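Asker: Sending over a structure as C-alpha cells; questions will come in a sec.
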Amino acid sequence: MSKALRSIFIFVRVGIAAACAVAAIIMATSHYSTNFFGITMEAKFQYTPSFKFFVIANAIASAYNLVVVFVPTGSPLSGLVIMCDTIVVMLLTGAMAATGAISELGKHGNAHAGWLPICNQIQAYCDHVSGSIISAFVGLIVFVLFMLYNIFKIVSLDLHACR
Amino acid sequence: MALENGTKSDLELDSKYGQIKAKLVKQLPLALRWLALIATTTAAIGMGLNKQSKTSVVAIVGTQPISQTFTAKFQQTPAFVYFVAANAVASFYNIMLVLLRPFFKGRENALWVHILDLVIMVIVATGAAATTSMAELGKDGNVHARWNPICDKFSAFCLHGGMALISSFVGTLDLFLLNIHSLVSLHRSVQGQQPVDPSV
C-alpha cells in the first residue's frame, strides 16, 4: 500500500477517534441545574443509564481507533481488525440508538405515561447533549463508511485478480 | 477443488466423524438464517400486538363512581414503533433470503449478502437498543426527571414487551454470527483456501 494511502487511513482513524472522544467528553461534562417554582431541578448525565452507556461506548471506540492505527497493513492482524471494527460499530450504534430514544423522550415527553418533557425547563442541558450526539453521529458515519470500504477492499482484490 | 493442506483434509474427511462434522458446518448458515427469521418475526409480532387496558375508578361524584380506561399500546412510544418496523423489515429480508436461496451462489452475491446482512443487523440492533432504554425507563422510572415507572401498573404490557425484546436480541446475535461467518468465508476465498460459502 502506498504511503499516501496509508497516511490517509491513519488520518481517518484518528479523526474517528477524535469525534468519539469529543462526544464522550462533552456528554461527561453536562451538568446543569435550574430553579422553577422553588424546586431545584438538576440534570446530569449519570442520572440516565443510556447516557452513561453512551459515554463508555464512545470512550471505548476512541481508544480502539487510536490503538488500531499502529497495526501494520497486510499483517495477519488486519483480518482481526476488521472483525473488531464490526463489534465496535455495533457498540456505538447501540449507544446512539439508546441515547436517541431518551433524548426524544426528554424533548417531547410521553403524554400517555404522564412523563413531562424536561427540555422546556433545562434548555441548556438539552443543547449540550445534542451537541455531543451530533459529534458521535459524525464519528459513527465515518467509521461505518470506512469499515465498508475495508470489507470491499479485502474482497475486490481477488475479484480483480480473477477476471 | 484443490486445498492448500490437501493430505490433512483428505485424512479428516475419510473418517465418519469428519464427514458428519463437514455436513453440519455446511448447514450452519442456513440454520442461523432460520433462527434469525423466527426470532425477528416473533419480536415484530410480539411487540406489534402489545396492548393492555386497565379500568380504574378516578373519581366519585355523589354516589356514582366514574371510571376511566387507561390503555398502554406500543404506538404510544416512538422507540417501540421503530422496534416493530425494524424487526418487520429484518424478518421480510430473512424470508426473502430463505426463499430465494438458489439465486445467491457465487462470490459477488456473497458480498452483497454480507453487506445487506450488516445493514439489517445494524437496523435490528438499534431498534433493540432504543427499546431497551425505554423499557428500563418504564421499569425503573427516573426520579430526577419525575418520570414514574409504569410497569407496576401495566405488568402484562411490560412482560410482552420484554419477551419481544429478548427475541430481538437473539435475532441480532444470529445476524451478527452470520456476518462473522460470511466475513471469514470471504476472507478465506480471497486467500485461495476454498470457494466462498454464501451465508444464506
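In the C-alpha cells, the first chain shown is A, the next is B, and so on; residue numbers restart at 1 for each chain, and ligands run from 1 in the order shown.
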I want to know what sits within 12 Å of A:Gly114, based on only C-alpha atoms, with residues of the same chain fewer than 3 positions away left out; could you give that as a ChimeraX atom specification?
Answerer: /A:105,108-111,117 /B:70,72,76,138,141,145-150
Asker: Okay, now the selection with C-alpha atoms, as a compact mmCIF listing (two decimals), in the first residue's frame?
Answerer:
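Contents of the output file again_19.txt:
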# COMPACT_ATOMS: atom_id res chain seq x y z
CA LEU A 105 -38.39 11.48 25.34
CA HIS A 108 -41.33 15.65 23.77
CA GLY A 109 -42.25 13.69 26.85
CA ASN A 110 -44.84 10.95 26.78
CA ALA A 111 -48.37 12.15 27.45
CA PRO A 117 -40.61 16.87 28.81
CA PHE B 70 -56.15 3.61 30.58
CA ALA B 72 -50.85 1.09 27.12
CA GLN B 76 -47.53 5.50 22.14
CA GLY B 138 -40.66 2.18 32.13
CA GLY B 141 -38.59 5.39 36.16
CA ALA B 145 -36.98 13.93 35.84
CA ARG B 146 -40.04 13.00 37.87
CA TRP B 147 -40.98 10.21 35.50
CA ASN B 148 -42.81 7.45 37.30
CA PRO B 149 -42.40 3.80 36.28
CA ILE B 150 -45.37 2.21 34.55
Asker: Report as an NGL selection string the set of chain A residues whose atoms approach chain B to within 9 Å, with distances computed over only C-alpha atoms.
Answerer: :A and (41-43 or 47-50 or 79 or 82-83 or 86-87 or 89-90 or 93-102 or 104-106 or 110-118 or 148 or 151-152 or 154-159)
Asker: Within chain B, find each residue whose DSSP state, derived from the backbone, is helix (DSSP H, G or I), and express the selection as a PyMOL selection string.
Answerer: chain B and resi 6-14+16-48+74-76+78-99+101-104+107-140+155-190
Asker: With distances taken over only C-alpha atoms, which of A:Ala59, A:Leu92, A:Leu77, A:Val67 is nearest to A:Ala24?
Answerer: A:Ala59
Asker: Which residues in chain B does DSSP call strand (DSSP E)? List them as an mmCIF file with N, CA and C atoms, in the first residue's frame.
Answerer:
data_model
loop_
_atom_site.group_PDB
_atom_site.id
_atom_site.type_symbol
_atom_site.label_atom_id
_atom_site.label_comp_id
_atom_site.auth_asym_id
_atom_site.auth_seq_id
_atom_site.Cartn_x
_atom_site.Cartn_y
_atom_site.Cartn_z
ATOM 1 N N LYS B 51 -50.623 -4.735 23.869
ATOM 2 C CA LYS B 51 -51.609 -3.751 24.272
ATOM 3 C C LYS B 51 -52.225 -4.203 25.584
ATOM 4 N N GLN B 52 -52.386 -3.259 26.494
ATOM 5 C CA GLN B 52 -53.041 -3.620 27.750
ATOM 6 C C GLN B 52 -53.903 -2.467 28.208
ATOM 7 N N SER B 53 -55.125 -2.785 28.585
ATOM 8 C CA SER B 53 -56.054 -1.757 29.072
ATOM 9 C C SER B 53 -56.365 -2.019 30.533
ATOM 10 N N LYS B 54 -56.590 -0.918 31.233
ATOM 11 C CA LYS B 54 -56.904 -1.039 32.648
ATOM 12 C C LYS B 54 -57.985 -0.026 32.966
ATOM 13 N N THR B 55 -59.034 -0.496 33.629
ATOM 14 C CA THR B 55 -60.119 0.409 34.019
ATOM 15 C C THR B 55 -60.037 0.634 35.510
ATOM 16 N N SER B 56 -60.009 1.881 35.907
ATOM 17 C CA SER B 56 -59.958 2.168 37.337
ATOM 18 C C SER B 56 -60.862 3.354 37.636
ATOM 19 N N VAL B 57 -61.244 3.403 38.876
ATOM 20 C CA VAL B 57 -62.133 4.474 39.315
ATOM 21 C C VAL B 57 -61.291 5.706 39.594
ATOM 22 N N VAL B 58 -61.615 6.823 38.927
ATOM 23 C CA VAL B 58 -60.818 8.038 39.123
ATOM 24 C C VAL B 58 -61.512 9.035 40.038
ATOM 25 N N ALA B 59 -62.810 8.973 40.139
ATOM 26 C CA ALA B 59 -63.499 9.940 40.999
ATOM 27 C C ALA B 59 -64.860 9.383 41.400
ATOM 28 N N ILE B 60 -65.367 9.894 42.458
ATOM 29 C CA ILE B 60 -66.719 9.502 42.875
ATOM 30 C C ILE B 60 -67.547 10.768 42.975
ATOM 31 N N VAL B 61 -68.542 10.882 42.120
ATOM 32 C CA VAL B 61 -69.433 12.050 42.119
ATOM 33 C C VAL B 61 -70.722 11.643 42.808
ATOM 34 N N GLN B 64 -71.988 8.001 42.614
ATOM 35 C CA GLN B 64 -71.652 7.298 41.372
ATOM 36 C C GLN B 64 -70.153 7.348 41.122
ATOM 37 N N PRO B 65 -69.492 6.201 41.031
ATOM 38 C CA PRO B 65 -68.063 6.213 40.710
ATOM 39 C C PRO B 65 -67.854 6.384 39.210
ATOM 40 N N ILE B 66 -66.890 7.228 38.867
ATOM 41 C CA ILE B 66 -66.546 7.439 37.462
ATOM 42 C C ILE B 66 -65.265 6.679 37.182
ATOM 43 N N SER B 67 -65.358 5.796 36.229
ATOM 44 C CA SER B 67 -64.169 5.009 35.896
ATOM 45 C C SER B 67 -63.659 5.402 34.523
ATOM 46 N N GLN B 68 -62.360 5.266 34.373
ATOM 47 C CA GLN B 68 -61.735 5.598 33.100
ATOM 48 C C GLN B 68 -60.813 4.461 32.689
ATOM 49 N N THR B 69 -60.754 4.247 31.395
ATOM 50 C CA THR B 69 -59.895 3.169 30.879
ATOM 51 C C THR B 69 -58.570 3.749 30.438
ATOM 52 N N PHE B 70 -57.490 3.231 31.000
ATOM 53 C CA PHE B 70 -56.147 3.611 30.580
ATOM 54 C C PHE B 70 -55.575 2.489 29.722
ATOM 55 N N THR B 71 -55.041 2.870 28.590
ATOM 56 C CA THR B 71 -54.506 1.863 27.664
ATOM 57 C C THR B 71 -53.026 2.100 27.443
ATOM 58 N N ALA B 72 -52.260 1.025 27.485
ATOM 59 C CA ALA B 72 -50.850 1.086 27.119
ATOM 60 C C ALA B 72 -50.690 0.347 25.800
ATOM 61 N N LYS B 73 -50.294 1.094 24.757
ATOM 62 C CA LYS B 73 -50.099 0.486 23.436
ATOM 63 C C LYS B 73 -48.673 0.737 23.011
#
Asker: Using only C-alpha atoms, find the one residue out of A:Gln123, A:Ser103, A:Ser2, A:Ser62 that sits nearest to A:Gly139.
Answerer: A:Ser62
Asker: If we count only C-alpha atoms, what is near stretch 19-32 of chain B at a cut-off of 7 Å, once residues fewer than 3 positions away on the same chain are taken out, given as a VMD selection string?
Answerer: chain B and resid 13 15 to 16 35 to 36 174 178 199 to 200
Asker: Print the selection's residues with all heavy atoms to a file, as a PDB file, in the first residue's frame.
Answerer:
ATOM      1  N   LEU B  13     -11.523 -36.055   6.188  1.00  0.00           N
ATOM      2  CA  LEU B  13     -12.836 -36.288   5.592  1.00  0.00           C
ATOM      3  C   LEU B  13     -13.122 -37.770   5.470  1.00  0.00           C
ATOM      4  O   LEU B  13     -14.272 -38.156   5.322  1.00  0.00           O
ATOM      5  CB  LEU B  13     -12.908 -35.628   4.206  1.00  0.00           C
ATOM      6  CG  LEU B  13     -13.098 -34.118   4.248  1.00  0.00           C
ATOM      7  CD1 LEU B  13     -13.003 -33.530   2.857  1.00  0.00           C
ATOM      8  CD2 LEU B  13     -14.442 -33.787   4.837  1.00  0.00           C
ATOM      9  N   SER B  15     -12.821 -40.085   7.698  1.00  0.00           N
ATOM     10  CA  SER B  15     -13.486 -40.646   8.868  1.00  0.00           C
ATOM     11  C   SER B  15     -14.937 -40.199   8.882  1.00  0.00           C
ATOM     12  O   SER B  15     -15.317 -39.164   8.353  1.00  0.00           O
ATOM     13  CB  SER B  15     -12.789 -40.178  10.133  1.00  0.00           C
ATOM     14  OG  SER B  15     -13.121 -38.829  10.366  1.00  0.00           O
ATOM     15  N   LYS B  16     -15.763 -41.030   9.533  1.00  0.00           N
ATOM     16  CA  LYS B  16     -17.202 -40.744   9.570  1.00  0.00           C
ATOM     17  C   LYS B  16     -17.467 -39.460  10.363  1.00  0.00           C
ATOM     18  O   LYS B  16     -18.310 -38.654  10.004  1.00  0.00           O
ATOM     19  CB  LYS B  16     -17.909 -41.923  10.226  1.00  0.00           C
ATOM     20  CG  LYS B  16     -19.351 -42.068   9.804  1.00  0.00           C
ATOM     21  CD  LYS B  16     -19.951 -43.362  10.295  1.00  0.00           C
ATOM     22  CE  LYS B  16     -21.453 -43.292  10.117  1.00  0.00           C
ATOM     23  NZ  LYS B  16     -22.160 -44.238  10.939  1.00  0.00           N
ATOM     24  N   LEU B  35     -33.049 -19.349  12.259  1.00  0.00           N
ATOM     25  CA  LEU B  35     -33.185 -18.882  13.642  1.00  0.00           C
ATOM     26  C   LEU B  35     -33.414 -17.378  13.679  1.00  0.00           C
ATOM     27  O   LEU B  35     -34.270 -16.874  14.424  1.00  0.00           O
ATOM     28  CB  LEU B  35     -31.922 -19.252  14.427  1.00  0.00           C
ATOM     29  CG  LEU B  35     -32.028 -19.303  15.940  1.00  0.00           C
ATOM     30  CD1 LEU B  35     -33.172 -20.182  16.368  1.00  0.00           C
ATOM     31  CD2 LEU B  35     -30.722 -19.829  16.520  1.00  0.00           C
ATOM     32  N   ALA B  36     -32.662 -16.643  12.843  1.00  0.00           N
ATOM     33  CA  ALA B  36     -32.838 -15.187  12.790  1.00  0.00           C
ATOM     34  C   ALA B  36     -34.232 -14.838  12.290  1.00  0.00           C
ATOM     35  O   ALA B  36     -34.872 -13.909  12.788  1.00  0.00           O
ATOM     36  CB  ALA B  36     -31.771 -14.558  11.882  1.00  0.00           C
ATOM     37  N   ASP B 174     -27.882 -13.690  16.071  1.00  0.00           N
ATOM     38  CA  ASP B 174     -27.826 -14.570  14.904  1.00  0.00           C
ATOM     39  C   ASP B 174     -27.292 -13.849  13.682  1.00  0.00           C
ATOM     40  O   ASP B 174     -26.440 -14.364  12.953  1.00  0.00           O
ATOM     41  CB  ASP B 174     -29.216 -15.103  14.579  1.00  0.00           C
ATOM     42  CG  ASP B 174     -29.633 -16.168  15.556  1.00  0.00           C
ATOM     43  OD1 ASP B 174     -28.741 -16.825  16.085  1.00  0.00           O
ATOM     44  OD2 ASP B 174     -30.839 -16.316  15.761  1.00  0.00           O
ATOM     45  N   LEU B 178     -23.940 -14.609  11.520  1.00  0.00           N
ATOM     46  CA  LEU B 178     -23.952 -14.771  10.069  1.00  0.00           C
ATOM     47  C   LEU B 178     -22.946 -13.831   9.416  1.00  0.00           C
ATOM     48  O   LEU B 178     -22.281 -14.182   8.438  1.00  0.00           O
ATOM     49  CB  LEU B 178     -25.355 -14.505   9.517  1.00  0.00           C
ATOM     50  CG  LEU B 178     -26.312 -15.673   9.629  1.00  0.00           C
ATOM     51  CD1 LEU B 178     -27.724 -15.222   9.350  1.00  0.00           C
ATOM     52  CD2 LEU B 178     -25.920 -16.753   8.646  1.00  0.00           C
ATOM     53  N   SER B 199     -23.651 -16.959   3.008  1.00  0.00           N
ATOM     54  CA  SER B 199     -24.358 -17.149   4.280  1.00  0.00           C
ATOM     55  C   SER B 199     -25.854 -17.092   4.073  1.00  0.00           C
ATOM     56  O   SER B 199     -26.536 -16.254   4.614  1.00  0.00           O
ATOM     57  CB  SER B 199     -23.945 -16.060   5.269  1.00  0.00           C
ATOM     58  OG  SER B 199     -22.607 -16.140   5.535  1.00  0.00           O
ATOM     59  N   VAL B 200     -26.381 -17.971   3.243  1.00  0.00           N
ATOM     60  CA  VAL B 200     -27.831 -17.997   3.023  1.00  0.00           C
ATOM     61  C   VAL B 200     -28.337 -19.375   3.383  1.00  0.00           C
ATOM     62  O   VAL B 200     -27.752 -20.360   2.993  1.00  0.00           O
ATOM     63  CB  VAL B 200     -28.170 -17.684   1.565  1.00  0.00           C
ATOM     64  CG1 VAL B 200     -29.649 -17.802   1.361  1.00  0.00           C
ATOM     65  CG2 VAL B 200     -27.709 -16.303   1.223  1.00  0.00           C
TER      66      VAL B 200
END
Asker: Residues within 10 Å of stretch 44-46 of chain B, please, as a PyMOL selection string. Count only C-alpha atoms; anything in the same chain fewer than 6 positions from it doesn't count.
Answerer: chain B and resi 80-81+83-91+160-165+167-168
